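Below is one structure; the comments refer to it alone.
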Amino acid sequence: MEFAIIETGGKQYTVSRGDIIAVEKLSDTQKVGDIIVFDKVLLVDNGKDTTIGTPYITNASVNGKVTEIGRAAKIVVVHYKQKSRYFKKNGHRQPFVKVMIESFK
């Protein structure tokens, strides 16, 4: 089975053809259906040979298609100090992009 390890958004993902991964928001200009090229490829395994980069493999890329753009569930952050009437409550929703992996180069 062919797979690769890519780096995007400060994280590493193991991907193979047909996988759907949720990555950090890439840019404001992305739309559903756009093609994304991940050029930071750390490892490629085609079933017979394994290529390992130092740290990246030159001229290697993984192509994917944007399937969904959204935001994750809300995380509530509370700061509280007892006996001093200090209470702050904030929420955060992390944006993400779901990408379907189509091909390796």
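Following the order of the structure tokens, first chain is A, next is B, and so on, with residues numbered from 1 inside each chain and ligands from 1 in the order they appear.
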
Exercise. Which polymer residues have any atom within 10 Å of an atom of region 91-99 of chain A, counting only C-alpha atoms, with same-chain residues fewer than 2 positions away left out, as a ChimeraX atom specification?
Worked result: /A:18-27,30-36,63-78,89,101-102

Residues near Lys105 (chain A), cut-off 9 Å, only C-alpha atoms, skip fewer than 5 positions along chain, as a compact mmCIF listing (two decimals) with N, CA and C atoms, in the first residue's frame:
```txt
# COMPACT_ATOMS: atom_id res chain seq x y z
N ASN A 59 11.46 17.59 -4.90
CA ASN A 59 10.62 17.27 -6.06
C ASN A 59 9.51 16.27 -5.73
N ALA A 60 9.13 16.13 -4.48
CA ALA A 60 8.02 15.26 -4.10
C ALA A 60 6.86 16.12 -3.63
N SER A 61 5.65 15.71 -3.98
CA SER A 61 4.47 16.45 -3.54
C SER A 61 3.28 15.51 -3.44
N VAL A 62 2.30 15.93 -2.65
CA VAL A 62 1.06 15.20 -2.48
C VAL A 62 -0.06 16.16 -2.86
N ASN A 63 -0.95 15.73 -3.74
CA ASN A 63 -2.05 16.57 -4.19
C ASN A 63 -3.34 16.15 -3.51
```
